[in-house]
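Engineer: Input structure_33.cif, format and content: mmCIF, N, CA and C atoms.
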```cif
data_coords
#
loop_
_atom_site.label_atom_id
_atom_site.label_comp_id
_atom_site.auth_asym_id
_atom_site.auth_seq_id
_atom_site.Cartn_x
_atom_site.Cartn_y
_atom_site.Cartn_z
N MET A 1 -17.80 95.17 -4.57
CA MET A 1 -19.25 95.05 -4.65
C MET A 1 -19.86 96.33 -5.24
N TYR A 2 -19.50 97.47 -4.64
CA TYR A 2 -20.03 98.76 -5.11
C TYR A 2 -19.71 98.97 -6.59
N GLU A 3 -18.44 98.74 -6.95
CA GLU A 3 -18.01 98.96 -8.33
C GLU A 3 -18.78 98.08 -9.30
N LYS A 4 -19.01 96.82 -8.93
CA LYS A 4 -19.74 95.89 -9.80
C LYS A 4 -21.18 96.37 -9.99
N ILE A 5 -21.82 96.80 -8.92
CA ILE A 5 -23.20 97.28 -9.01
C ILE A 5 -23.26 98.54 -9.86
N VAL A 6 -22.34 99.46 -9.66
CA VAL A 6 -22.31 100.69 -10.46
C VAL A 6 -22.08 100.34 -11.94
N SER A 7 -21.19 99.41 -12.20
CA SER A 7 -20.94 98.99 -13.58
C SER A 7 -22.20 98.43 -14.23
N MET A 8 -22.93 97.61 -13.49
CA MET A 8 -24.17 97.04 -14.02
C MET A 8 -25.21 98.13 -14.27
N MET A 9 -25.29 99.09 -13.36
CA MET A 9 -26.23 100.20 -13.53
C MET A 9 -25.87 101.04 -14.75
N CYS A 10 -24.58 101.31 -14.93
CA CYS A 10 -24.13 102.10 -16.07
C CYS A 10 -24.52 101.42 -17.38
N GLU A 11 -24.31 100.12 -17.43
CA GLU A 11 -24.64 99.38 -18.64
C GLU A 11 -26.15 99.36 -18.89
N GLN A 12 -26.92 99.10 -17.86
CA GLN A 12 -28.36 98.97 -18.03
C GLN A 12 -29.05 100.30 -18.32
N PHE A 13 -28.59 101.37 -17.68
CA PHE A 13 -29.28 102.65 -17.78
C PHE A 13 -28.53 103.70 -18.58
N ASP A 14 -27.46 103.30 -19.27
CA ASP A 14 -26.68 104.21 -20.09
C ASP A 14 -26.18 105.41 -19.27
N LEU A 15 -25.53 105.09 -18.16
CA LEU A 15 -24.97 106.11 -17.27
C LEU A 15 -23.45 105.99 -17.27
N THR A 16 -22.79 106.96 -16.63
CA THR A 16 -21.35 106.85 -16.38
C THR A 16 -21.16 106.73 -14.87
N PRO A 17 -20.03 106.17 -14.44
CA PRO A 17 -19.79 106.06 -13.00
C PRO A 17 -19.86 107.40 -12.27
N GLU A 18 -19.55 108.48 -12.98
CA GLU A 18 -19.61 109.81 -12.37
C GLU A 18 -21.05 110.23 -12.05
N ASP A 19 -22.03 109.59 -12.70
CA ASP A 19 -23.44 109.89 -12.45
C ASP A 19 -23.94 109.30 -11.14
N ILE A 20 -23.15 108.38 -10.56
CA ILE A 20 -23.64 107.57 -9.45
C ILE A 20 -22.73 107.70 -8.23
N SER A 21 -23.36 107.84 -7.06
CA SER A 21 -22.66 107.76 -5.78
C SER A 21 -23.56 106.96 -4.85
N GLU A 22 -23.08 106.69 -3.66
CA GLU A 22 -23.90 105.93 -2.71
C GLU A 22 -25.16 106.69 -2.31
N ASN A 23 -25.13 108.01 -2.41
CA ASN A 23 -26.29 108.83 -2.04
C ASN A 23 -27.23 109.10 -3.20
N THR A 24 -26.90 108.58 -4.37
CA THR A 24 -27.73 108.81 -5.55
C THR A 24 -29.07 108.11 -5.39
N SER A 25 -30.14 108.88 -5.56
CA SER A 25 -31.50 108.34 -5.49
C SER A 25 -31.90 107.80 -6.86
N PHE A 26 -32.50 106.61 -6.85
CA PHE A 26 -32.95 106.02 -8.12
C PHE A 26 -33.95 106.92 -8.84
N VAL A 27 -34.94 107.39 -8.11
CA VAL A 27 -36.02 108.16 -8.73
C VAL A 27 -35.63 109.62 -8.91
N GLU A 28 -35.27 110.30 -7.83
CA GLU A 28 -35.02 111.74 -7.90
C GLU A 28 -33.80 112.10 -8.73
N ASP A 29 -32.71 111.35 -8.58
CA ASP A 29 -31.47 111.71 -9.27
C ASP A 29 -31.34 111.07 -10.66
N LEU A 30 -31.80 109.84 -10.79
CA LEU A 30 -31.58 109.11 -12.04
C LEU A 30 -32.84 108.94 -12.89
N GLY A 31 -34.00 109.21 -12.30
CA GLY A 31 -35.25 109.05 -13.04
C GLY A 31 -35.58 107.60 -13.36
N ILE A 32 -35.09 106.69 -12.55
CA ILE A 32 -35.32 105.26 -12.76
C ILE A 32 -36.62 104.87 -12.06
N ASP A 33 -37.54 104.28 -12.81
CA ASP A 33 -38.81 103.90 -12.19
C ASP A 33 -38.73 102.52 -11.55
N SER A 34 -39.79 102.14 -10.87
CA SER A 34 -39.78 100.90 -10.09
C SER A 34 -39.58 99.67 -10.98
N LEU A 35 -40.10 99.69 -12.19
CA LEU A 35 -39.90 98.55 -13.10
C LEU A 35 -38.42 98.42 -13.46
N ASP A 36 -37.76 99.55 -13.71
CA ASP A 36 -36.32 99.52 -13.99
C ASP A 36 -35.54 98.96 -12.82
N VAL A 37 -35.92 99.35 -11.60
CA VAL A 37 -35.25 98.85 -10.40
C VAL A 37 -35.44 97.34 -10.29
N VAL A 38 -36.64 96.86 -10.56
CA VAL A 38 -36.91 95.42 -10.50
C VAL A 38 -36.02 94.67 -11.50
N GLU A 39 -35.89 95.20 -12.71
CA GLU A 39 -35.03 94.57 -13.71
C GLU A 39 -33.58 94.54 -13.26
N LEU A 40 -33.11 95.64 -12.68
CA LEU A 40 -31.75 95.70 -12.16
C LEU A 40 -31.56 94.67 -11.05
N VAL A 41 -32.51 94.61 -10.15
CA VAL A 41 -32.42 93.68 -9.01
C VAL A 41 -32.38 92.23 -9.49
N MET A 42 -33.15 91.92 -10.52
CA MET A 42 -33.12 90.55 -11.06
C MET A 42 -31.73 90.21 -11.58
N GLU A 43 -31.09 91.16 -12.23
CA GLU A 43 -29.72 90.94 -12.71
C GLU A 43 -28.75 90.78 -11.54
N LEU A 44 -28.94 91.60 -10.50
CA LEU A 44 -28.07 91.50 -9.33
C LEU A 44 -28.24 90.17 -8.61
N GLU A 45 -29.48 89.70 -8.52
CA GLU A 45 -29.74 88.40 -7.89
C GLU A 45 -28.96 87.30 -8.60
N ASP A 46 -28.98 87.33 -9.93
CA ASP A 46 -28.23 86.34 -10.71
C ASP A 46 -26.73 86.51 -10.54
N ALA A 47 -26.26 87.74 -10.65
CA ALA A 47 -24.82 88.01 -10.62
C ALA A 47 -24.19 87.68 -9.27
N PHE A 48 -24.96 87.87 -8.19
CA PHE A 48 -24.40 87.67 -6.86
C PHE A 48 -24.94 86.44 -6.14
N GLY A 49 -25.66 85.58 -6.86
CA GLY A 49 -26.15 84.33 -6.28
C GLY A 49 -27.10 84.54 -5.12
N MET A 50 -27.99 85.50 -5.27
CA MET A 50 -28.92 85.83 -4.19
C MET A 50 -30.28 85.21 -4.43
N ASP A 51 -31.00 84.96 -3.33
CA ASP A 51 -32.41 84.59 -3.44
C ASP A 51 -33.18 85.83 -3.89
N GLU A 52 -34.41 85.62 -4.30
CA GLU A 52 -35.25 86.74 -4.73
C GLU A 52 -35.43 87.73 -3.58
N ILE A 53 -35.25 88.99 -3.89
CA ILE A 53 -35.39 90.03 -2.87
C ILE A 53 -36.88 90.29 -2.66
N PRO A 54 -37.34 90.18 -1.41
CA PRO A 54 -38.77 90.42 -1.14
C PRO A 54 -39.19 91.84 -1.52
N GLU A 55 -40.43 91.97 -1.98
CA GLU A 55 -40.94 93.27 -2.42
C GLU A 55 -40.86 94.32 -1.31
N GLU A 56 -41.13 93.90 -0.07
CA GLU A 56 -41.08 94.88 1.03
C GLU A 56 -39.67 95.41 1.24
N ASP A 57 -38.65 94.59 0.97
CA ASP A 57 -37.27 95.07 1.06
C ASP A 57 -36.94 96.00 -0.11
N LEU A 58 -37.45 95.66 -1.29
CA LEU A 58 -37.24 96.51 -2.46
C LEU A 58 -37.77 97.91 -2.25
N LYS A 59 -38.93 98.02 -1.63
CA LYS A 59 -39.56 99.32 -1.41
C LYS A 59 -38.71 100.22 -0.51
N LYS A 60 -37.86 99.62 0.32
CA LYS A 60 -37.02 100.39 1.24
C LYS A 60 -35.76 100.93 0.56
N MET A 61 -35.44 100.41 -0.61
CA MET A 61 -34.21 100.81 -1.31
C MET A 61 -34.46 102.06 -2.14
N ARG A 62 -33.98 103.17 -1.64
CA ARG A 62 -34.19 104.45 -2.32
C ARG A 62 -32.92 104.97 -2.99
N THR A 63 -31.76 104.55 -2.46
CA THR A 63 -30.49 105.04 -2.99
C THR A 63 -29.60 103.88 -3.42
N VAL A 64 -28.57 104.21 -4.16
CA VAL A 64 -27.59 103.20 -4.57
C VAL A 64 -26.95 102.59 -3.33
N GLY A 65 -26.68 103.39 -2.32
CA GLY A 65 -26.09 102.89 -1.08
C GLY A 65 -26.99 101.86 -0.39
N ASP A 66 -28.30 102.11 -0.40
CA ASP A 66 -29.24 101.13 0.18
C ASP A 66 -29.12 99.80 -0.54
N LEU A 67 -29.04 99.85 -1.86
CA LEU A 67 -28.95 98.64 -2.66
C LEU A 67 -27.63 97.92 -2.39
N VAL A 68 -26.53 98.65 -2.37
CA VAL A 68 -25.22 98.05 -2.12
C VAL A 68 -25.19 97.38 -0.75
N GLU A 69 -25.73 98.06 0.24
CA GLU A 69 -25.76 97.52 1.61
C GLU A 69 -26.56 96.21 1.65
N TYR A 70 -27.69 96.19 0.98
CA TYR A 70 -28.54 94.99 0.98
C TYR A 70 -27.83 93.84 0.26
N VAL A 71 -27.27 94.12 -0.91
CA VAL A 71 -26.60 93.07 -1.67
C VAL A 71 -25.41 92.53 -0.88
N THR A 72 -24.65 93.40 -0.26
CA THR A 72 -23.51 92.99 0.54
C THR A 72 -23.92 92.04 1.66
N ALA A 73 -25.02 92.35 2.31
CA ALA A 73 -25.50 91.55 3.43
C ALA A 73 -26.12 90.22 3.01
N HIS A 74 -26.63 90.14 1.78
CA HIS A 74 -27.39 88.96 1.37
C HIS A 74 -26.80 88.14 0.23
N SER A 75 -25.61 88.50 -0.24
CA SER A 75 -25.04 87.77 -1.39
C SER A 75 -24.09 86.67 -0.93
N ASP A 76 -23.80 85.79 -1.86
CA ASP A 76 -22.86 84.69 -1.60
C ASP A 76 -21.41 85.12 -1.78
N THR A 77 -21.21 86.27 -2.40
CA THR A 77 -19.83 86.68 -2.73
C THR A 77 -19.26 87.62 -1.71
#
```
As structure tokens - that is how I would like this structure written.

Structural biologist:
Amino acid sequence: MYEKIVSMMCEQFDLTPEDISENTSFVEDLGIDSLDVVELVMELEDAFGMDEIPEEDLKKMRTVGDLVEYVTAHSDT
């Protein structure tokens, strides 16, 4: 799960896996804004067969680890 999410992030944001860890912050470490996060989440929803992630849950996701934890708990895979 983690590797797939990191791979998707690398492709979307032109990063390398070395740029990302579970503690990596979207905003502070990667400079990814909220619109970029929404686009990533939409791709994750499709890739992992998830329902739309509520906005209030999105606001709580500050790090890659937060996102991985949420996807793991809510995906079909």

Engineer: Could you tell me which of A:Asp46, A:Asp36, A:Gln12, A:Glu22 comes closest to Leu67 in chain A if we count only N, CA and C atoms?

Structural biologist: A:Glu22

Engineer: DSSP on the backbone: which residues in chain A end up as helix (DSSP H, G or I)? Give the answer as a ChimeraX atom specification.

Structural biologist: /A:2-13,17-19,34-47,55-60,64-74

Engineer: Those residues with N, CA and C atoms, as a tab-separated table (two decimals), in the frame of the given file please?

Structural biologist:
```
chain	number	residue	atom	x	y	z
A	2	TYR	N	-19.50	97.47	-4.64
A	2	TYR	CA	-20.03	98.76	-5.11
A	2	TYR	C	-19.71	98.97	-6.59
A	3	GLU	N	-18.44	98.74	-6.95
A	3	GLU	CA	-18.01	98.96	-8.33
A	3	GLU	C	-18.78	98.08	-9.30
A	4	LYS	N	-19.01	96.82	-8.93
A	4	LYS	CA	-19.74	95.89	-9.80
A	4	LYS	C	-21.18	96.37	-9.99
A	5	ILE	N	-21.82	96.80	-8.92
A	5	ILE	CA	-23.20	97.28	-9.01
A	5	ILE	C	-23.26	98.54	-9.86
A	6	VAL	N	-22.34	99.46	-9.66
A	6	VAL	CA	-22.31	100.69	-10.46
A	6	VAL	C	-22.08	100.34	-11.94
A	7	SER	N	-21.19	99.41	-12.20
A	7	SER	CA	-20.94	98.99	-13.58
A	7	SER	C	-22.20	98.43	-14.23
A	8	MET	N	-22.93	97.61	-13.49
A	8	MET	CA	-24.17	97.04	-14.02
A	8	MET	C	-25.21	98.13	-14.27
A	9	MET	N	-25.29	99.09	-13.36
A	9	MET	CA	-26.23	100.20	-13.53
A	9	MET	C	-25.87	101.04	-14.75
A	10	CYS	N	-24.58	101.31	-14.93
A	10	CYS	CA	-24.13	102.10	-16.07
A	10	CYS	C	-24.52	101.42	-17.38
A	11	GLU	N	-24.31	100.12	-17.43
A	11	GLU	CA	-24.64	99.38	-18.64
A	11	GLU	C	-26.15	99.36	-18.89
A	12	GLN	N	-26.92	99.10	-17.86
A	12	GLN	CA	-28.36	98.97	-18.03
A	12	GLN	C	-29.05	100.30	-18.32
A	13	PHE	N	-28.59	101.37	-17.68
A	13	PHE	CA	-29.28	102.65	-17.78
A	13	PHE	C	-28.53	103.70	-18.58
A	17	PRO	N	-20.03	106.17	-14.44
A	17	PRO	CA	-19.79	106.06	-13.00
A	17	PRO	C	-19.86	107.40	-12.27
A	18	GLU	N	-19.55	108.48	-12.98
A	18	GLU	CA	-19.61	109.81	-12.37
A	18	GLU	C	-21.05	110.23	-12.05
A	19	ASP	N	-22.03	109.59	-12.70
A	19	ASP	CA	-23.44	109.89	-12.45
A	19	ASP	C	-23.94	109.30	-11.14
A	34	SER	N	-39.79	102.14	-10.87
A	34	SER	CA	-39.78	100.90	-10.09
A	34	SER	C	-39.58	99.67	-10.98
A	35	LEU	N	-40.10	99.69	-12.19
A	35	LEU	CA	-39.90	98.55	-13.10
A	35	LEU	C	-38.42	98.42	-13.46
A	36	ASP	N	-37.76	99.55	-13.71
A	36	ASP	CA	-36.32	99.52	-13.99
A	36	ASP	C	-35.54	98.96	-12.82
A	37	VAL	N	-35.92	99.35	-11.60
A	37	VAL	CA	-35.25	98.85	-10.40
A	37	VAL	C	-35.44	97.34	-10.29
A	38	VAL	N	-36.64	96.86	-10.56
A	38	VAL	CA	-36.91	95.42	-10.50
A	38	VAL	C	-36.02	94.67	-11.50
A	39	GLU	N	-35.89	95.20	-12.71
A	39	GLU	CA	-35.03	94.57	-13.71
A	39	GLU	C	-33.58	94.54	-13.26
A	40	LEU	N	-33.11	95.64	-12.68
A	40	LEU	CA	-31.75	95.70	-12.16
A	40	LEU	C	-31.56	94.67	-11.05
A	41	VAL	N	-32.51	94.61	-10.15
A	41	VAL	CA	-32.42	93.68	-9.01
A	41	VAL	C	-32.38	92.23	-9.49
A	42	MET	N	-33.15	91.92	-10.52
A	42	MET	CA	-33.12	90.55	-11.06
A	42	MET	C	-31.73	90.21	-11.58
A	43	GLU	N	-31.09	91.16	-12.23
A	43	GLU	CA	-29.72	90.94	-12.71
A	43	GLU	C	-28.75	90.78	-11.54
A	44	LEU	N	-28.94	91.60	-10.50
A	44	LEU	CA	-28.07	91.50	-9.33
A	44	LEU	C	-28.24	90.17	-8.61
A	45	GLU	N	-29.48	89.70	-8.52
A	45	GLU	CA	-29.74	88.40	-7.89
A	45	GLU	C	-28.96	87.30	-8.60
A	46	ASP	N	-28.98	87.33	-9.93
A	46	ASP	CA	-28.23	86.34	-10.71
A	46	ASP	C	-26.73	86.51	-10.54
A	47	ALA	N	-26.26	87.74	-10.65
A	47	ALA	CA	-24.82	88.01	-10.62
A	47	ALA	C	-24.19	87.68	-9.27
A	55	GLU	N	-40.43	91.97	-1.98
A	55	GLU	CA	-40.94	93.27	-2.42
A	55	GLU	C	-40.86	94.32	-1.31
A	56	GLU	N	-41.13	93.90	-0.07
A	56	GLU	CA	-41.08	94.88	1.03
A	56	GLU	C	-39.67	95.41	1.24
A	57	ASP	N	-38.65	94.59	0.97
A	57	ASP	CA	-37.27	95.07	1.06
A	57	ASP	C	-36.94	96.00	-0.11
A	58	LEU	N	-37.45	95.66	-1.29
A	58	LEU	CA	-37.24	96.51	-2.46
A	58	LEU	C	-37.77	97.91	-2.25
A	59	LYS	N	-38.93	98.02	-1.63
A	59	LYS	CA	-39.56	99.32	-1.41
A	59	LYS	C	-38.71	100.22	-0.51
A	60	LYS	N	-37.86	99.62	0.32
A	60	LYS	CA	-37.02	100.39	1.24
A	60	LYS	C	-35.76	100.93	0.56
A	64	VAL	N	-28.57	104.21	-4.16
A	64	VAL	CA	-27.59	103.20	-4.57
A	64	VAL	C	-26.95	102.59	-3.33
A	65	GLY	N	-26.68	103.39	-2.32
A	65	GLY	CA	-26.09	102.89	-1.08
A	65	GLY	C	-26.99	101.86	-0.39
A	66	ASP	N	-28.30	102.11	-0.40
A	66	ASP	CA	-29.24	101.13	0.18
A	66	ASP	C	-29.12	99.80	-0.54
A	67	LEU	N	-29.04	99.85	-1.86
A	67	LEU	CA	-28.95	98.64	-2.66
A	67	LEU	C	-27.63	97.92	-2.39
A	68	VAL	N	-26.53	98.65	-2.37
A	68	VAL	CA	-25.22	98.05	-2.12
A	68	VAL	C	-25.19	97.38	-0.75
A	69	GLU	N	-25.73	98.06	0.24
A	69	GLU	CA	-25.76	97.52	1.61
A	69	GLU	C	-26.56	96.21	1.65
A	70	TYR	N	-27.69	96.19	0.98
A	70	TYR	CA	-28.54	94.99	0.98
A	70	TYR	C	-27.83	93.84	0.26
A	71	VAL	N	-27.27	94.12	-0.91
A	71	VAL	CA	-26.60	93.07	-1.67
A	71	VAL	C	-25.41	92.53	-0.88
A	72	THR	N	-24.65	93.40	-0.26
A	72	THR	CA	-23.51	92.99	0.54
A	72	THR	C	-23.92	92.04	1.66
A	73	ALA	N	-25.02	92.35	2.31
A	73	ALA	CA	-25.50	91.55	3.43
A	73	ALA	C	-26.12	90.22	3.01
A	74	HIS	N	-26.63	90.14	1.78
A	74	HIS	CA	-27.39	88.96	1.37
A	74	HIS	C	-26.80	88.14	0.23
```

Engineer: Atom N of Phe26 in chain A and atom N of Thr63 in chain A, how far apart in Å?

Structural biologist: 4.9 Å

Engineer: Which polymer residues, whether protein, DNA or RNA, lie within 8 Å of the coordinate (-24.1, 83.8, -2.7) when you count only N, CA and C atoms? List them as a VMD selection string, using the chain letters and numbers from the file.

Structural biologist: chain A and resid 47 to 51 74 to 77

Engineer: Out of A:Ile32, A:Leu44, A:Ile53, A:Met61, which residue has the shortest atom-to-atom distance to Val6 in chain A when counting only C-alpha atoms?

Structural biologist: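 Smallest distance to Val6 in chain A is found for A:Leu44.
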
Engineer: Which is closest to Glu11 in chain A among A:Leu40, A:Arg62, A:Glu52, A:Ala73, if we use only C-alpha atoms?

Structural biologist: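 Counting only C-alpha atoms, the residue closest to Glu11 in chain A is A:Leu40.
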
Engineer: Please, what distance in Å, to one decimal, runs between CA of Asp19 in chain A and CA of Pro54 in chain A?

Structural biologist: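 Pair CA of Asp19 in chain A / CA of Pro54 in chain A returns 27.2 Å.
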
Engineer: One decimal, in Å: what's the spacing between CA of Glu28 in chain A and CA of Val64 in chain A?

Structural biologist: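 About the pair CA of Glu28 in chain A and CA of Val64 in chain A: they are 11.8 Å apart.
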
Engineer: With only C-alpha atoms as the counted atoms, please give the residues lying no more than 12 Å from Ile20 in chain A, apart from itself and same-chain residues fewer than 3 positions off, as a ChimeraX atom specification.

Structural biologist: /A:2-3,5-10,13-17,23-26,29-30,63-65

Engineer: Need the axis-aligned box for range 9-22 of chain A with 4 Å each side, so what are the centre and edges in Å to one decimal, as AutoDock Vina command-line options?

Structural biologist:
```
--center_x -24.4 --center_y 104.6 --center_z -11.2 --size_x 17.7 --size_y 19.3 --size_z 25.8
```

Engineer: Which residue gives the smallest distance to Lys59 in chain A among A:Val37, A:Gly31, A:Met1, A:Glu18, with only C-alpha atoms counted?

Structural biologist: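 For Lys59 in chain A, the nearest of the given residues is A:Val37.
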
Engineer: Which of these residues is nearest to Asp66 in chain A, using only C-alpha atoms: A:Val38, A:Ser21, A:Asp33, A:Glu45?

Structural biologist: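 Smallest distance to Asp66 in chain A is found for A:Ser21.
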
Engineer: Using the partial input, fill out range 46-56 of chain A with all heavy atoms; write the result as an mmCIF file, keeping the file's coordinate frame.

Structural biologist:
```cif
data_model
loop_
_atom_site.group_PDB
_atom_site.id
_atom_site.type_symbol
_atom_site.label_atom_id
_atom_site.label_comp_id
_atom_site.auth_asym_id
_atom_site.auth_seq_id
_atom_site.Cartn_x
_atom_site.Cartn_y
_atom_site.Cartn_z
ATOM 1 N N ASP A 46 -28.980 87.330 -9.930
ATOM 2 C CA ASP A 46 -28.230 86.340 -10.710
ATOM 3 C C ASP A 46 -26.730 86.510 -10.540
ATOM 4 O O ASP A 46 -26.004 85.538 -10.320
ATOM 5 C CB ASP A 46 -28.590 86.432 -12.197
ATOM 6 C CG ASP A 46 -29.994 85.941 -12.502
ATOM 7 O OD1 ASP A 46 -30.574 85.203 -11.671
ATOM 8 O OD2 ASP A 46 -30.521 86.297 -13.576
ATOM 9 N N ALA A 47 -26.260 87.740 -10.650
ATOM 10 C CA ALA A 47 -24.820 88.010 -10.620
ATOM 11 C C ALA A 47 -24.190 87.680 -9.270
ATOM 12 O O ALA A 47 -23.038 87.252 -9.210
ATOM 13 C CB ALA A 47 -24.564 89.477 -10.966
ATOM 14 N N PHE A 48 -24.960 87.870 -8.190
ATOM 15 C CA PHE A 48 -24.400 87.670 -6.860
ATOM 16 C C PHE A 48 -24.940 86.440 -6.140
ATOM 17 O O PHE A 48 -24.713 86.256 -4.955
ATOM 18 C CB PHE A 48 -24.642 88.929 -5.996
ATOM 19 C CG PHE A 48 -23.874 90.127 -6.484
ATOM 20 C CD1 PHE A 48 -24.513 91.143 -7.163
ATOM 21 C CD2 PHE A 48 -22.514 90.227 -6.283
ATOM 22 C CE1 PHE A 48 -23.823 92.256 -7.621
ATOM 23 C CE2 PHE A 48 -21.796 91.327 -6.737
ATOM 24 C CZ PHE A 48 -22.451 92.341 -7.406
ATOM 25 N N GLY A 49 -25.660 85.580 -6.860
ATOM 26 C CA GLY A 49 -26.150 84.330 -6.280
ATOM 27 C C GLY A 49 -27.100 84.540 -5.120
ATOM 28 O O GLY A 49 -27.027 83.831 -4.120
ATOM 29 N N MET A 50 -27.990 85.500 -5.270
ATOM 30 C CA MET A 50 -28.920 85.830 -4.190
ATOM 31 C C MET A 50 -30.280 85.210 -4.430
ATOM 32 O O MET A 50 -30.682 84.978 -5.560
ATOM 33 C CB MET A 50 -29.098 87.355 -4.108
ATOM 34 C CG MET A 50 -27.844 88.104 -3.796
ATOM 35 S SD MET A 50 -28.041 89.891 -4.003
ATOM 36 C CE MET A 50 -29.452 90.232 -3.000
ATOM 37 N N ASP A 51 -31.000 84.960 -3.330
ATOM 38 C CA ASP A 51 -32.410 84.590 -3.440
ATOM 39 C C ASP A 51 -33.180 85.830 -3.890
ATOM 40 O O ASP A 51 -32.685 86.949 -3.815
ATOM 41 C CB ASP A 51 -32.950 84.134 -2.075
ATOM 42 C CG ASP A 51 -32.338 82.811 -1.634
ATOM 43 O OD1 ASP A 51 -31.968 81.996 -2.510
ATOM 44 O OD2 ASP A 51 -32.235 82.594 -0.418
ATOM 45 N N GLU A 52 -34.410 85.620 -4.300
ATOM 46 C CA GLU A 52 -35.250 86.740 -4.730
ATOM 47 C C GLU A 52 -35.430 87.730 -3.580
ATOM 48 O O GLU A 52 -35.695 87.343 -2.438
ATOM 49 C CB GLU A 52 -36.615 86.233 -5.181
ATOM 50 C CG GLU A 52 -37.486 87.318 -5.744
ATOM 51 C CD GLU A 52 -38.805 86.786 -6.304
ATOM 52 O OE1 GLU A 52 -38.841 85.614 -6.712
ATOM 53 O OE2 GLU A 52 -39.768 87.540 -6.312
ATOM 54 N N ILE A 53 -35.250 88.990 -3.890
ATOM 55 C CA ILE A 53 -35.390 90.030 -2.870
ATOM 56 C C ILE A 53 -36.880 90.290 -2.660
ATOM 57 O O ILE A 53 -37.601 90.586 -3.610
ATOM 58 C CB ILE A 53 -34.672 91.329 -3.302
ATOM 59 C CG1 ILE A 53 -33.176 91.058 -3.475
ATOM 60 C CG2 ILE A 53 -34.912 92.441 -2.277
ATOM 61 C CD1 ILE A 53 -32.407 92.225 -4.048
ATOM 62 N N PRO A 54 -37.340 90.180 -1.410
ATOM 63 C CA PRO A 54 -38.770 90.420 -1.140
ATOM 64 C C PRO A 54 -39.190 91.840 -1.520
ATOM 65 O O PRO A 54 -38.417 92.793 -1.373
ATOM 66 C CB PRO A 54 -38.890 90.206 0.368
ATOM 67 C CG PRO A 54 -37.687 89.413 0.754
ATOM 68 C CD PRO A 54 -36.610 89.802 -0.217
ATOM 69 N N GLU A 55 -40.430 91.970 -1.980
ATOM 70 C CA GLU A 55 -40.940 93.270 -2.420
ATOM 71 C C GLU A 55 -40.860 94.320 -1.310
ATOM 72 O O GLU A 55 -40.549 95.482 -1.561
ATOM 73 C CB GLU A 55 -42.379 93.127 -2.907
ATOM 74 C CG GLU A 55 -42.898 94.378 -3.565
ATOM 75 C CD GLU A 55 -44.266 94.188 -4.206
ATOM 76 O OE1 GLU A 55 -44.610 93.056 -4.577
ATOM 77 O OE2 GLU A 55 -44.981 95.196 -4.317
ATOM 78 N N GLU A 56 -41.130 93.900 -0.070
ATOM 79 C CA GLU A 56 -41.080 94.880 1.030
ATOM 80 C C GLU A 56 -39.670 95.410 1.240
ATOM 81 O O GLU A 56 -39.490 96.566 1.633
ATOM 82 C CB GLU A 56 -41.659 94.310 2.330
ATOM 83 C CG GLU A 56 -41.034 93.029 2.810
ATOM 84 C CD GLU A 56 -41.696 91.762 2.271
ATOM 85 O OE1 GLU A 56 -42.541 91.837 1.358
ATOM 86 O OE2 GLU A 56 -41.356 90.679 2.764
#
```
